[in-house]
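Here is the structure we will look at.
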Amino acid sequence: MTYGLPVIDRETFGRYTGLSLPRHVAYPMPSWWHDVDPTEAGLIRDACLGGDSPRDLSLYIHLPFCEHVCRFCACNKVSLKRKSPHADEMVEGYLDAVISEARTRSDALEALGGARRPVRQIHWGGGTPTFLNSREIERLHRACLEVFDLTPDAECSIEIDPRSTSREQLETLRGLGFNRISFGVQDFDPKVQEHVNRIQPLSLVREITHCARDIGFESVNFDLIYGLPFQSIETVVSTITHTLELLPDRIAFYHYAQIPDRVAIQRGIDHGALPSSDTKLTMLLEATRRFVEAGYSFIGLDHFARPDERLARAFRDGSIHRSFQGMTTGGELDLIGLGCSAISVFPRRGYIQNERDPKKYASIVAAGEDPVIKGLSLGIEDGERQAILMDLYCYAGVCPERLLAVSGIDAHPYLTAARPALQRLAEDGLLTFNRAGGFDLTNPLGRVLMRNVAAVFDAYLPANAAWSGIPQSFSSSA
Ligand SMILES: C[S@@+](CC[C@H](N)C(=O)[O-])C[C@H]1O[C@@H](n2cnc3c(N)ncnc32)[C@H](O)[C@@H]1O
Ligand code: SF4
């Protein structure tokens with residue numbers, strides 16, 4: 001097969017690729033957050049959420065249960081068989097805890113600000129949120145609506161495993177007001193599916209996608225992964241072709257994050273069957289070309305959206321944002337995380353993370369305590385660097401004018417300090433300086449090496465991280 005790929009300097013790519021570098025879903029990355037006790041967490045929350053101009057809210061709810069665990073998965077999940085004798089009890093106990101945490105957070109917010117803040121987004125992630133049955137889904141959502149005020153135009157989204165859902169469940173979700181769904185598709189090739197322990201035939205995904213459209217969801221997203229064992233360029237192209245036949249509104253095309261020293265289940269992956277960096281580059285270029293030719297806008301590091309979709313509109317009007325849930329709208333919101341491992345994000349102010357283990361989380365909440373484990377209060381410089389990195393990951397460049405307009409930040413001092421490193425990256429063809437005093441990543445070389453350029457603005461990394469990587473274990477950079 002021949003591919004009409006954009007020309008890329010593979011020698012330069014080869015020098016920068018494969019380095020251990022963060023993806024900056026947060027800045028500073030969670031590895032730099034510290035242990036906090038409930039007293040300190042309370043202080044961080046009050047400092048971040050108090051003040052004269054309270055922000056509207058976004059809620060993230062983490063539901064960790066999975067009927068079948070996939071061998072590649074780096075998410076915080078627990079294996080549970082729905083038909084096992086203790087499953088109902090375990091889910092009930094977990095939901096009791098999440099609902100109780102929602103009440104506590106809502107009361108605390110009201111006490112701090114004197115009024116309820118509008119909630120503009122709700123996102124359920126996991127694990128597998130659709131592990132819950134319709135009764136449990138209704139119970140959780142209605143309990144949240146009792147203590148939080150959802151705006152009429154709110155975006156309500158949920159991650160769905162096509163193998164663990166049904167028409168009845170999708171109708172329940174739509175009836176409750178969920179308007180966006182995200183299917184974990186990953187790859188359609190039977191051999192790849194078998195090796196990663198995720199058997200999910202094309203016919204199943206096709207049927208459930210048609211069903212979602214029929215029921216009237218505003219937006220359907222597919223998660224795909226490239227870099228999985230036994231993937232070849234041909235199998236990835238075939239997955240892309242099937243995806244384009246089903247026309248999702250958004251596509252997340254994730255690079256496989258292989259971190260077996262931190263994710264035990266990945267030790268079952270056959271490392272010899274992983275595609276090389278060069279092959280993965282071809283997969284990415286080929287996917288980008290095909291998605292863009294099919295009319296999708298290429299957004300940030302790894303997202304594609306149809307031009308009329310909310311995300312593509314947010315990209316055009318400058319309100320796009322990047323978080324633990326991928327590219328999102330609503331960057332100006334305070335994100336309250338509920339459930340095990342959930343992270344609360346207070347933009348440019350701080351982070352709080354909950355206990356990771358679901359049982360431990362539920363028993364801490366049942367005891368009336370705060371389930372926090374980690375957190376960080378951001379200084380001014382951390383907050384400004386966070387905004388610069390957000391600009392880079394969302395818009396494939398850094399624009400001082402946009403940063404000033406959107407975040408009120410003067411990026412010039414950071415750009416001046418970074419100039420020698422940026423100069424080196426420019427000489428290698430990763431970026432070009434622009435008249436506004438910022439820079440744009442080149443396409444495709446700079447875009448596929450976005451994480452290397454981002455490393456220049458991460459003050460927690462060594463000065464040479466962009467071309468040398470760091471000793472700490474992150475997944476490889478491209
Ligand atoms: C919580 S799961 C999605 C919902 C549901 N559990 C499912 O699998 O369909 C979130 C997504 O993270 C992505 N993901 C998980 N582990 C990954 C890894 N190691 N590298 C890249 N993406 C990964 C997958 O694409 C997955 O769909
Ligand atoms: S990819 Fe989804 S279904 Fe698979 S283990 Fe991860 S969270 Fe569970």
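Numbering starts fresh at 1 for the residues of each chain in the structure tokens, the chains themselves are lettered A, B, ... in the order given, and ligands are numbered from 1 as they appear.
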Mind checking DSSP for stretch 16-241 of chain A and telling me the strand (DSSP E) residues as a PDB file with C-alpha atoms, in the first residue's frame?
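This went into result06.pdb:
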```
ATOM      1  CA  HIS A  34       2.423  16.400  47.622  1.00  0.00           C
ATOM      2  CA  ASP A  35       0.538  14.374  50.228  1.00  0.00           C
ATOM      3  CA  LEU A  57     -18.553  24.701  37.951  1.00  0.00           C
ATOM      4  CA  SER A  58     -17.830  21.511  36.094  1.00  0.00           C
ATOM      5  CA  LEU A  59     -18.290  18.113  37.812  1.00  0.00           C
ATOM      6  CA  TYR A  60     -16.248  14.984  37.163  1.00  0.00           C
ATOM      7  CA  ILE A  61     -17.489  11.696  38.622  1.00  0.00           C
ATOM      8  CA  HIS A  62     -15.193   8.658  38.589  1.00  0.00           C
ATOM      9  CA  LEU A  63     -16.837   5.220  38.313  1.00  0.00           C
ATOM     10  CA  PHE A  65     -15.754  -0.736  37.816  1.00  0.00           C
ATOM     11  CA  CYS A  66     -14.983  -2.759  34.668  1.00  0.00           C
ATOM     12  CA  VAL A  78     -11.183  -2.375  39.299  1.00  0.00           C
ATOM     13  CA  SER A  79     -12.290  -5.647  37.825  1.00  0.00           C
ATOM     14  CA  PRO A 118     -24.218  27.054  38.248  1.00  0.00           C
ATOM     15  CA  VAL A 119     -22.874  23.739  36.951  1.00  0.00           C
ATOM     16  CA  ARG A 120     -22.145  23.969  33.215  1.00  0.00           C
ATOM     17  CA  GLN A 121     -20.682  20.512  32.646  1.00  0.00           C
ATOM     18  CA  ILE A 122     -20.930  17.024  34.075  1.00  0.00           C
ATOM     19  CA  HIS A 123     -18.632  14.235  32.950  1.00  0.00           C
ATOM     20  CA  TRP A 124     -18.773  10.604  34.081  1.00  0.00           C
ATOM     21  CA  GLY A 125     -15.539   8.722  33.470  1.00  0.00           C
ATOM     22  CA  GLY A 126     -13.880   5.564  34.627  1.00  0.00           C
ATOM     23  CA  ASP A 149     -27.800  23.446  39.926  1.00  0.00           C
ATOM     24  CA  LEU A 150     -27.294  22.306  36.342  1.00  0.00           C
ATOM     25  CA  THR A 151     -27.734  25.013  33.686  1.00  0.00           C
ATOM     26  CA  PRO A 152     -30.281  24.231  30.920  1.00  0.00           C
ATOM     27  CA  ASP A 153     -27.550  24.237  28.238  1.00  0.00           C
ATOM     28  CA  ALA A 154     -25.120  22.123  30.295  1.00  0.00           C
ATOM     29  CA  GLU A 155     -22.903  19.578  28.555  1.00  0.00           C
ATOM     30  CA  CYS A 156     -23.492  16.159  30.155  1.00  0.00           C
ATOM     31  CA  SER A 157     -21.116  13.521  28.891  1.00  0.00           C
ATOM     32  CA  ILE A 158     -20.304   9.925  29.732  1.00  0.00           C
ATOM     33  CA  GLU A 159     -17.710   7.341  28.696  1.00  0.00           C
ATOM     34  CA  ILE A 160     -19.298   4.176  27.369  1.00  0.00           C
ATOM     35  CA  ARG A 180     -22.601  13.674  24.697  1.00  0.00           C
ATOM     36  CA  ILE A 181     -21.219  10.160  24.720  1.00  0.00           C
ATOM     37  CA  SER A 182     -17.796   8.746  24.193  1.00  0.00           C
ATOM     38  CA  PHE A 183     -17.315   5.153  23.048  1.00  0.00           C
ATOM     39  CA  GLY A 184     -14.111   3.287  23.813  1.00  0.00           C
ATOM     40  CA  VAL A 185     -13.402   1.787  20.389  1.00  0.00           C
ATOM     41  CA  GLN A 186      -9.576   1.500  20.456  1.00  0.00           C
ATOM     42  CA  SER A 219     -22.307  14.323  19.943  1.00  0.00           C
ATOM     43  CA  VAL A 220     -20.701  10.891  19.678  1.00  0.00           C
ATOM     44  CA  ASN A 221     -16.964  10.495  20.263  1.00  0.00           C
ATOM     45  CA  PHE A 222     -14.739   7.502  19.451  1.00  0.00           C
ATOM     46  CA  ASP A 223     -11.547   6.822  21.432  1.00  0.00           C
ATOM     47  CA  LEU A 224      -8.947   5.133  19.227  1.00  0.00           C
ATOM     48  CA  ILE A 225      -5.411   4.102  20.213  1.00  0.00           C
ATOM     49  CA  TYR A 226      -2.371   3.730  17.972  1.00  0.00           C
TER      50      TYR A 226
END
```
Quiz item: Which residues, written as a ChimeraX atom specification, have at least one atom at most 12 Å from A:Gly318, with only C-alpha atoms counted and residues fewer than 6 positions away on the same chain left out?
Solution: /A:299,311-312,328-332,390-391,394-395,399,401-407
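Neighbours of ligand 2 at a cut-off of 8 Å, computed so that only C-alpha atoms and all ligand atoms are counted, are the residues Pro64, Phe65, Cys66, Glu67, His68, Val69, Cys70, Arg71, Phe72, Cys73, Ala74, Cys75, Asn76, Lys77, Val78, Ser79, Gly126, Gly127, Thr128, Asp161, Gly184 and Arg198 of chain A.
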Could those residues be written to a file, using N, CA and C atoms, as a tab-separated table (two decimals), in the first residue's frame?
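Everything below was put into selection.tsv:
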```tsv
chain	number	residue	atom	x	y	z
A	64	PRO	N	-15.26	3.42	38.81
A	64	PRO	CA	-14.07	2.62	38.50
A	64	PRO	C	-14.30	1.19	38.02
A	65	PHE	N	-15.56	0.70	38.05
A	65	PHE	CA	-15.75	-0.74	37.82
A	65	PHE	C	-15.67	-1.10	36.33
A	66	CYS	N	-15.04	-2.24	36.05
A	66	CYS	CA	-14.98	-2.76	34.67
A	66	CYS	C	-15.30	-4.25	34.69
A	67	GLU	N	-16.19	-4.65	33.80
A	67	GLU	CA	-16.56	-6.07	33.68
A	67	GLU	C	-15.37	-6.86	33.11
A	68	HIS	N	-14.68	-6.29	32.13
A	68	HIS	CA	-13.50	-6.94	31.52
A	68	HIS	C	-12.38	-5.91	31.53
A	69	VAL	N	-11.22	-6.30	32.01
A	69	VAL	CA	-10.12	-5.33	32.06
A	69	VAL	C	-9.21	-5.51	30.84
A	70	CYS	N	-8.91	-4.40	30.18
A	70	CYS	CA	-8.09	-4.43	28.97
A	70	CYS	C	-6.60	-4.36	29.36
A	71	ARG	N	-5.79	-5.07	28.58
A	71	ARG	CA	-4.38	-5.20	28.96
A	71	ARG	C	-3.58	-3.90	28.77
A	72	PHE	N	-4.08	-2.99	27.97
A	72	PHE	CA	-3.34	-1.74	27.73
A	72	PHE	C	-3.69	-0.66	28.74
A	73	CYS	N	-4.71	-0.87	29.57
A	73	CYS	CA	-5.39	0.24	30.23
A	73	CYS	C	-4.60	0.88	31.38
A	74	ALA	N	-4.42	2.20	31.27
A	74	ALA	CA	-3.71	2.96	32.30
A	74	ALA	C	-4.67	3.73	33.20
A	75	CYS	N	-5.99	3.49	33.05
A	75	CYS	CA	-6.96	4.24	33.87
A	75	CYS	C	-7.05	3.60	35.26
A	76	ASN	N	-7.64	4.34	36.21
A	76	ASN	CA	-7.84	3.78	37.55
A	76	ASN	C	-9.15	2.98	37.55
A	77	LYS	N	-9.02	1.65	37.54
A	77	LYS	CA	-10.22	0.80	37.42
A	77	LYS	C	-10.06	-0.43	38.31
A	78	VAL	N	-11.22	-1.08	38.60
A	78	VAL	CA	-11.18	-2.37	39.30
A	78	VAL	C	-12.04	-3.36	38.53
A	79	SER	N	-11.56	-4.60	38.52
A	79	SER	CA	-12.29	-5.65	37.82
A	79	SER	C	-13.42	-6.14	38.73
A	126	GLY	N	-14.20	6.77	33.84
A	126	GLY	CA	-13.88	5.56	34.63
A	126	GLY	C	-12.52	5.01	34.30
A	127	GLY	N	-12.43	3.71	34.53
A	127	GLY	CA	-13.41	2.66	34.63
A	127	GLY	C	-14.53	2.74	33.57
A	128	THR	N	-15.60	2.07	33.90
A	128	THR	CA	-16.72	1.97	32.96
A	128	THR	C	-18.00	2.46	33.63
A	161	ASP	N	-18.49	1.91	27.35
A	161	ASP	CA	-17.88	0.74	26.74
A	161	ASP	C	-18.97	0.07	25.90
A	184	GLY	N	-15.46	3.84	23.88
A	184	GLY	CA	-14.11	3.29	23.81
A	184	GLY	C	-14.08	2.29	22.67
A	198	ARG	N	-9.61	-7.32	24.53
A	198	ARG	CA	-10.79	-6.47	24.35
A	198	ARG	C	-11.49	-6.87	23.04
```
Practice problem: Considering only C-alpha atoms, return as an NGL selection string whatever protein or nucleic-acid residues lie within 12 Å of A:Val453, sequence-local ones (same chain, fewer than 4 positions apart) excluded. | Solution: :A and (16-17 or 21-24 or 388-389 or 392-393 or 396-398 or 418-419 or 421-426 or 428-432 or 439-442 or 445-449 or 457-458 or 463-469 or 477-478)
Please produce a file of those selected residues containing C-alpha atoms, as an mmCIF file, in the first residue's frame.
```cif
data_model
loop_
_atom_site.group_PDB
_atom_site.id
_atom_site.type_symbol
_atom_site.label_atom_id
_atom_site.label_comp_id
_atom_site.auth_asym_id
_atom_site.auth_seq_id
_atom_site.Cartn_x
_atom_site.Cartn_y
_atom_site.Cartn_z
ATOM 1 C CA TYR A 16 13.519 13.627 19.440
ATOM 2 C CA THR A 17 11.155 10.697 19.619
ATOM 3 C CA LEU A 21 8.301 13.244 28.735
ATOM 4 C CA PRO A 22 5.023 14.361 30.345
ATOM 5 C CA ARG A 23 1.846 15.081 28.357
ATOM 6 C CA HIS A 24 0.904 17.930 30.703
ATOM 7 C CA ILE A 388 1.169 28.963 28.432
ATOM 8 C CA LEU A 389 1.287 25.159 28.216
ATOM 9 C CA LEU A 392 0.606 25.376 23.272
ATOM 10 C CA TYR A 393 -1.274 22.058 23.593
ATOM 11 C CA ALA A 396 -0.074 24.186 18.486
ATOM 12 C CA GLY A 397 1.801 27.383 19.248
ATOM 13 C CA VAL A 398 2.170 30.106 21.844
ATOM 14 C CA ALA A 418 12.989 30.103 26.699
ATOM 15 C CA ARG A 419 14.513 31.708 23.580
ATOM 16 C CA ALA A 421 16.005 26.399 23.701
ATOM 17 C CA LEU A 422 13.289 27.493 21.262
ATOM 18 C CA GLN A 423 16.008 28.668 18.849
ATOM 19 C CA ARG A 424 17.534 25.193 18.858
ATOM 20 C CA LEU A 425 14.112 23.626 18.201
ATOM 21 C CA ALA A 426 13.481 26.175 15.412
ATOM 22 C CA ASP A 428 15.745 21.628 13.858
ATOM 23 C CA GLY A 429 12.481 22.569 12.128
ATOM 24 C CA LEU A 430 10.014 22.015 15.003
ATOM 25 C CA LEU A 431 8.731 25.609 15.146
ATOM 26 C CA THR A 432 8.806 29.005 13.501
ATOM 27 C CA PHE A 439 5.813 30.824 17.754
ATOM 28 C CA ASP A 440 3.880 28.213 15.790
ATOM 29 C CA LEU A 441 4.684 24.519 15.650
ATOM 30 C CA THR A 442 5.496 23.298 12.177
ATOM 31 C CA LEU A 445 7.228 17.741 12.586
ATOM 32 C CA GLY A 446 6.553 20.220 15.410
ATOM 33 C CA ARG A 447 3.022 18.972 15.978
ATOM 34 C CA VAL A 448 4.032 15.353 16.428
ATOM 35 C CA LEU A 449 6.818 16.490 18.785
ATOM 36 C CA PHE A 457 8.153 25.671 29.529
ATOM 37 C CA ASP A 458 8.037 23.101 32.339
ATOM 38 C CA ALA A 463 16.832 22.534 30.900
ATOM 39 C CA ASN A 464 17.731 19.939 28.251
ATOM 40 C CA ALA A 465 14.594 17.784 28.686
ATOM 41 C CA ALA A 466 13.198 18.723 25.241
ATOM 42 C CA TRP A 467 15.975 16.789 23.472
ATOM 43 C CA SER A 468 17.230 14.480 26.250
ATOM 44 C CA GLY A 469 14.057 13.377 28.055
ATOM 45 C CA SER A 477 7.055 11.340 23.607
ATOM 46 C CA ALA A 478 5.794 10.395 20.157
#
```
Quiz item: Between atom CA of A:Asn179 and atom CA of A:Glu218, what is the spacing in Å?
Solution: 5.3 Å
Exercise. Quote the spacing between atom CA of A:Phe291 and atom 3 (C, counted along the ligand's line) of ligand 1 in Å to one decimal place.
Key: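 For atom CA of A:Phe291 relative to atom 3 (C, counted along the ligand's line) of ligand 1, the distance reads 21.1 Å.
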Exercise. List every residue of stretch 276-452 of chain A that DSSP, applied to the backbone of this structure, assigns to alpha helix (DSSP H), and report them as a count of residues only.
Key: 81
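Closest approach to ligand 1 among A:Ile215, A:Leu244, A:Ala143, A:Val196 is made by A:Val196 (distances from only C-alpha atoms and all ligand atoms).
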Exercise. Choose the residue, out of A:Pro307, A:Pro129, A:Gly177, A:Gly272, that has the smallest atom-to-atom separation from ligand 1; count only C-alpha atoms and all ligand atoms.
Key: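 Answer, going by the shortest atom-to-atom distance: A:Pro129.
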Self-check item: Test item: residues at most 8 Å from A:Asn354, only C-alpha atoms, excluding those fewer than 5 positions along its chain, as a list in words
Solution: Leu338, Gly339, Cys340, Ser341, Ala342, Ile343, Tyr361, Pro371, Val372, Ile373 and Lys374 of chain A
Any chance you could export the current selection's N, CA and C atoms as a compact mmCIF listing (two decimals), in the first residue's frame?
```
# COMPACT_ATOMS: atom_id res chain seq x y z
N LEU A 338 -15.32 14.04 41.93
CA LEU A 338 -15.97 13.21 42.95
C LEU A 338 -15.66 11.75 42.64
N GLY A 339 -15.41 10.95 43.70
CA GLY A 339 -15.14 9.53 43.50
C GLY A 339 -13.66 9.23 43.67
N CYS A 340 -13.34 7.93 43.66
CA CYS A 340 -11.95 7.54 43.90
C CYS A 340 -11.05 8.07 42.78
N SER A 341 -9.89 8.52 43.15
CA SER A 341 -8.84 9.07 42.27
C SER A 341 -9.25 10.36 41.55
N ALA A 342 -10.49 10.84 41.77
CA ALA A 342 -10.95 12.03 41.04
C ALA A 342 -10.11 13.24 41.44
N ILE A 343 -9.87 14.09 40.44
CA ILE A 343 -9.04 15.27 40.65
C ILE A 343 -9.91 16.52 40.52
N TYR A 361 -11.64 4.53 49.56
CA TYR A 361 -12.33 5.81 49.35
C TYR A 361 -13.71 5.76 50.01
N PRO A 371 -11.81 12.36 51.66
CA PRO A 371 -11.00 11.30 51.05
C PRO A 371 -9.77 11.78 50.27
N VAL A 372 -9.22 12.92 50.60
CA VAL A 372 -8.11 13.49 49.82
C VAL A 372 -6.79 12.77 50.09
N ILE A 373 -5.93 12.73 49.10
CA ILE A 373 -4.57 12.22 49.35
C ILE A 373 -3.49 13.19 48.88
N LYS A 374 -3.72 13.86 47.76
CA LYS A 374 -2.67 14.72 47.21
C LYS A 374 -3.23 16.07 46.82
```
Within 12 Å of A:Ser363 using only C-alpha atoms, minus same-chain residues under 4 positions, as a PDB file with N, CA and C atoms, in the first residue's frame:
```pdb
ATOM      1  N   MET A  90     -21.309  -3.760  46.475  1.00  0.00           N
ATOM      2  CA  MET A  90     -20.118  -2.920  46.295  1.00  0.00           C
ATOM      3  C   MET A  90     -20.472  -1.623  45.556  1.00  0.00           C
ATOM      4  N   GLY A  93     -22.478   0.707  47.872  1.00  0.00           N
ATOM      5  CA  GLY A  93     -21.602   1.353  48.868  1.00  0.00           C
ATOM      6  C   GLY A  93     -20.794   2.472  48.227  1.00  0.00           C
ATOM      7  N   TYR A  94     -20.332   2.214  46.994  1.00  0.00           N
ATOM      8  CA  TYR A  94     -19.534   3.233  46.301  1.00  0.00           C
ATOM      9  C   TYR A  94     -20.404   4.449  45.971  1.00  0.00           C
ATOM     10  N   LEU A  95     -21.620   4.187  45.456  1.00  0.00           N
ATOM     11  CA  LEU A  95     -22.507   5.311  45.100  1.00  0.00           C
ATOM     12  C   LEU A  95     -22.912   6.107  46.347  1.00  0.00           C
ATOM     13  N   ASP A  96     -23.143   5.401  47.466  1.00  0.00           N
ATOM     14  CA  ASP A  96     -23.442   6.117  48.726  1.00  0.00           C
ATOM     15  C   ASP A  96     -22.332   7.135  49.000  1.00  0.00           C
ATOM     16  N   ALA A  97     -21.091   6.681  48.807  1.00  0.00           N
ATOM     17  CA  ALA A  97     -19.947   7.549  49.126  1.00  0.00           C
ATOM     18  C   ALA A  97     -19.887   8.741  48.166  1.00  0.00           C
ATOM     19  N   VAL A  98     -20.074   8.486  46.863  1.00  0.00           N
ATOM     20  CA  VAL A  98     -20.004   9.584  45.887  1.00  0.00           C
ATOM     21  C   VAL A  98     -21.108  10.610  46.168  1.00  0.00           C
ATOM     22  N   SER A 100     -22.608  11.151  49.010  1.00  0.00           N
ATOM     23  CA  SER A 100     -22.287  11.859  50.251  1.00  0.00           C
ATOM     24  C   SER A 100     -21.205  12.915  49.995  1.00  0.00           C
ATOM     25  N   GLU A 101     -20.209  12.560  49.191  1.00  0.00           N
ATOM     26  CA  GLU A 101     -19.149  13.533  48.875  1.00  0.00           C
ATOM     27  C   GLU A 101     -19.734  14.722  48.102  1.00  0.00           C
ATOM     28  N   GLY A 339     -15.411  10.951  43.702  1.00  0.00           N
ATOM     29  CA  GLY A 339     -15.138   9.534  43.502  1.00  0.00           C
ATOM     30  C   GLY A 339     -13.658   9.232  43.675  1.00  0.00           C
ATOM     31  N   CYS A 340     -13.340   7.929  43.656  1.00  0.00           N
ATOM     32  CA  CYS A 340     -11.947   7.536  43.895  1.00  0.00           C
ATOM     33  C   CYS A 340     -11.046   8.074  42.785  1.00  0.00           C
ATOM     34  N   GLU A 355      -8.329   9.727  47.236  1.00  0.00           N
ATOM     35  CA  GLU A 355      -7.827   8.357  47.415  1.00  0.00           C
ATOM     36  C   GLU A 355      -8.150   7.518  46.161  1.00  0.00           C
ATOM     37  N   ASP A 357      -8.031   4.009  45.751  1.00  0.00           N
ATOM     38  CA  ASP A 357      -8.671   2.706  45.907  1.00  0.00           C
ATOM     39  C   ASP A 357     -10.171   2.872  46.233  1.00  0.00           C
ATOM     40  N   PRO A 358     -11.071   2.257  45.430  1.00  0.00           N
ATOM     41  CA  PRO A 358     -12.507   2.501  45.628  1.00  0.00           C
ATOM     42  C   PRO A 358     -13.027   2.098  47.011  1.00  0.00           C
ATOM     43  N   LYS A 359     -12.551   0.945  47.533  1.00  0.00           N
ATOM     44  CA  LYS A 359     -13.042   0.493  48.838  1.00  0.00           C
ATOM     45  C   LYS A 359     -12.573   1.439  49.928  1.00  0.00           C
ATOM     46  N   ALA A 367     -16.974   7.171  56.931  1.00  0.00           N
ATOM     47  CA  ALA A 367     -16.582   7.589  58.289  1.00  0.00           C
ATOM     48  C   ALA A 367     -16.708   9.102  58.476  1.00  0.00           C
ATOM     49  N   GLY A 368     -17.212   9.779  57.454  1.00  0.00           N
ATOM     50  CA  GLY A 368     -17.427  11.230  57.560  1.00  0.00           C
ATOM     51  C   GLY A 368     -16.164  12.038  57.341  1.00  0.00           C
ATOM     52  N   GLU A 369     -15.148  11.393  56.736  1.00  0.00           N
ATOM     53  CA  GLU A 369     -13.887  12.128  56.540  1.00  0.00           C
ATOM     54  C   GLU A 369     -13.694  12.527  55.076  1.00  0.00           C
ATOM     55  N   ASP A 370     -12.696  13.393  54.880  1.00  0.00           N
ATOM     56  CA  ASP A 370     -12.381  13.896  53.547  1.00  0.00           C
ATOM     57  C   ASP A 370     -11.443  12.884  52.856  1.00  0.00           C
ATOM     58  N   PRO A 371     -11.805  12.362  51.655  1.00  0.00           N
ATOM     59  CA  PRO A 371     -10.997  11.297  51.047  1.00  0.00           C
ATOM     60  C   PRO A 371      -9.767  11.776  50.267  1.00  0.00           C
TER      61      PRO A 371
END
```
So that I can check the surroundings of A:Pro444, please list as a PDB file with N, CA and C atoms, in the first residue's frame every protein, DNA and RNA residue that reaches within 9 Å of it, counting only C-alpha atoms and ignoring chain neighbours fewer than 6 positions away.
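part-v7.pdb, written as the output of this step:
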```
ATOM      1  N   PRO A   6       2.314  13.615   4.225  1.00  0.00           N
ATOM      2  CA  PRO A   6       3.106  14.833   4.205  1.00  0.00           C
ATOM      3  C   PRO A   6       4.580  14.486   4.415  1.00  0.00           C
ATOM      4  N   VAL A   7       5.448  15.328   3.844  1.00  0.00           N
ATOM      5  CA  VAL A   7       6.890  15.051   3.960  1.00  0.00           C
ATOM      6  C   VAL A   7       7.334  15.398   5.370  1.00  0.00           C
ATOM      7  N   ILE A   8       8.102  14.540   5.994  1.00  0.00           N
ATOM      8  CA  ILE A   8       8.608  14.821   7.341  1.00  0.00           C
ATOM      9  C   ILE A   8      10.065  14.375   7.410  1.00  0.00           C
ATOM     10  N   LEU A 285       0.536  10.154  10.946  1.00  0.00           N
ATOM     11  CA  LEU A 285       0.432  11.036   9.773  1.00  0.00           C
ATOM     12  C   LEU A 285      -0.717  10.591   8.878  1.00  0.00           C
ATOM     13  N   LEU A 430      11.224  22.356  14.237  1.00  0.00           N
ATOM     14  CA  LEU A 430      10.014  22.015  15.003  1.00  0.00           C
ATOM     15  C   LEU A 430       9.062  23.205  15.119  1.00  0.00           C
TER      16      LEU A 430
END
```
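When only C-alpha atoms and all ligand atoms are used to compute distances to ligand 1, the closest of the residues A:Val365, A:Ile251, A:Met450, A:Ile380 turns out to be A:Ile251.
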For A:Cys211, list every protein, DNA or RNA residue within 10 Å, evaluated using only C-alpha atoms, and leave out those in the same chain fewer than 6 positions away; present the list as a short mmCIF file (atom, residue, chain, number, x, y, z; two decimals) with N, CA and C atoms, in the first residue's frame.
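Okay, result-v2.cif is ready:
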```cif
data_model
loop_
_atom_site.label_atom_id
_atom_site.label_comp_id
_atom_site.auth_asym_id
_atom_site.auth_seq_id
_atom_site.Cartn_x
_atom_site.Cartn_y
_atom_site.Cartn_z
N SER A 166 -26.55 -0.92 26.46
CA SER A 166 -27.73 -1.43 25.75
C SER A 166 -28.56 -0.24 25.31
N ARG A 167 -29.50 -0.50 24.41
CA ARG A 167 -30.40 0.58 23.98
C ARG A 167 -31.15 1.16 25.19
N LEU A 170 -28.89 3.50 27.09
CA LEU A 170 -28.67 4.77 26.38
C LEU A 170 -29.92 5.65 26.47
N GLU A 171 -31.10 5.01 26.40
CA GLU A 171 -32.35 5.80 26.52
C GLU A 171 -32.47 6.41 27.91
N VAL A 205 -20.04 -2.19 17.49
CA VAL A 205 -19.82 -0.73 17.55
C VAL A 205 -20.76 -0.03 16.57
N PHE A 217 -28.44 11.66 20.72
CA PHE A 217 -27.30 12.31 21.39
C PHE A 217 -26.70 13.35 20.45
#
```
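Take the candidates A:Arg385, A:Arg55, A:Lys191, A:Arg313 and check each one against A:Ala454 using only C-alpha atoms; the shortest distance goes to A:Arg385.
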Quiz item: Which distance in Å separates atom CA of A:Leu281 and atom CA of A:Ala264, to one decimal?
Solution: 26.4 Å
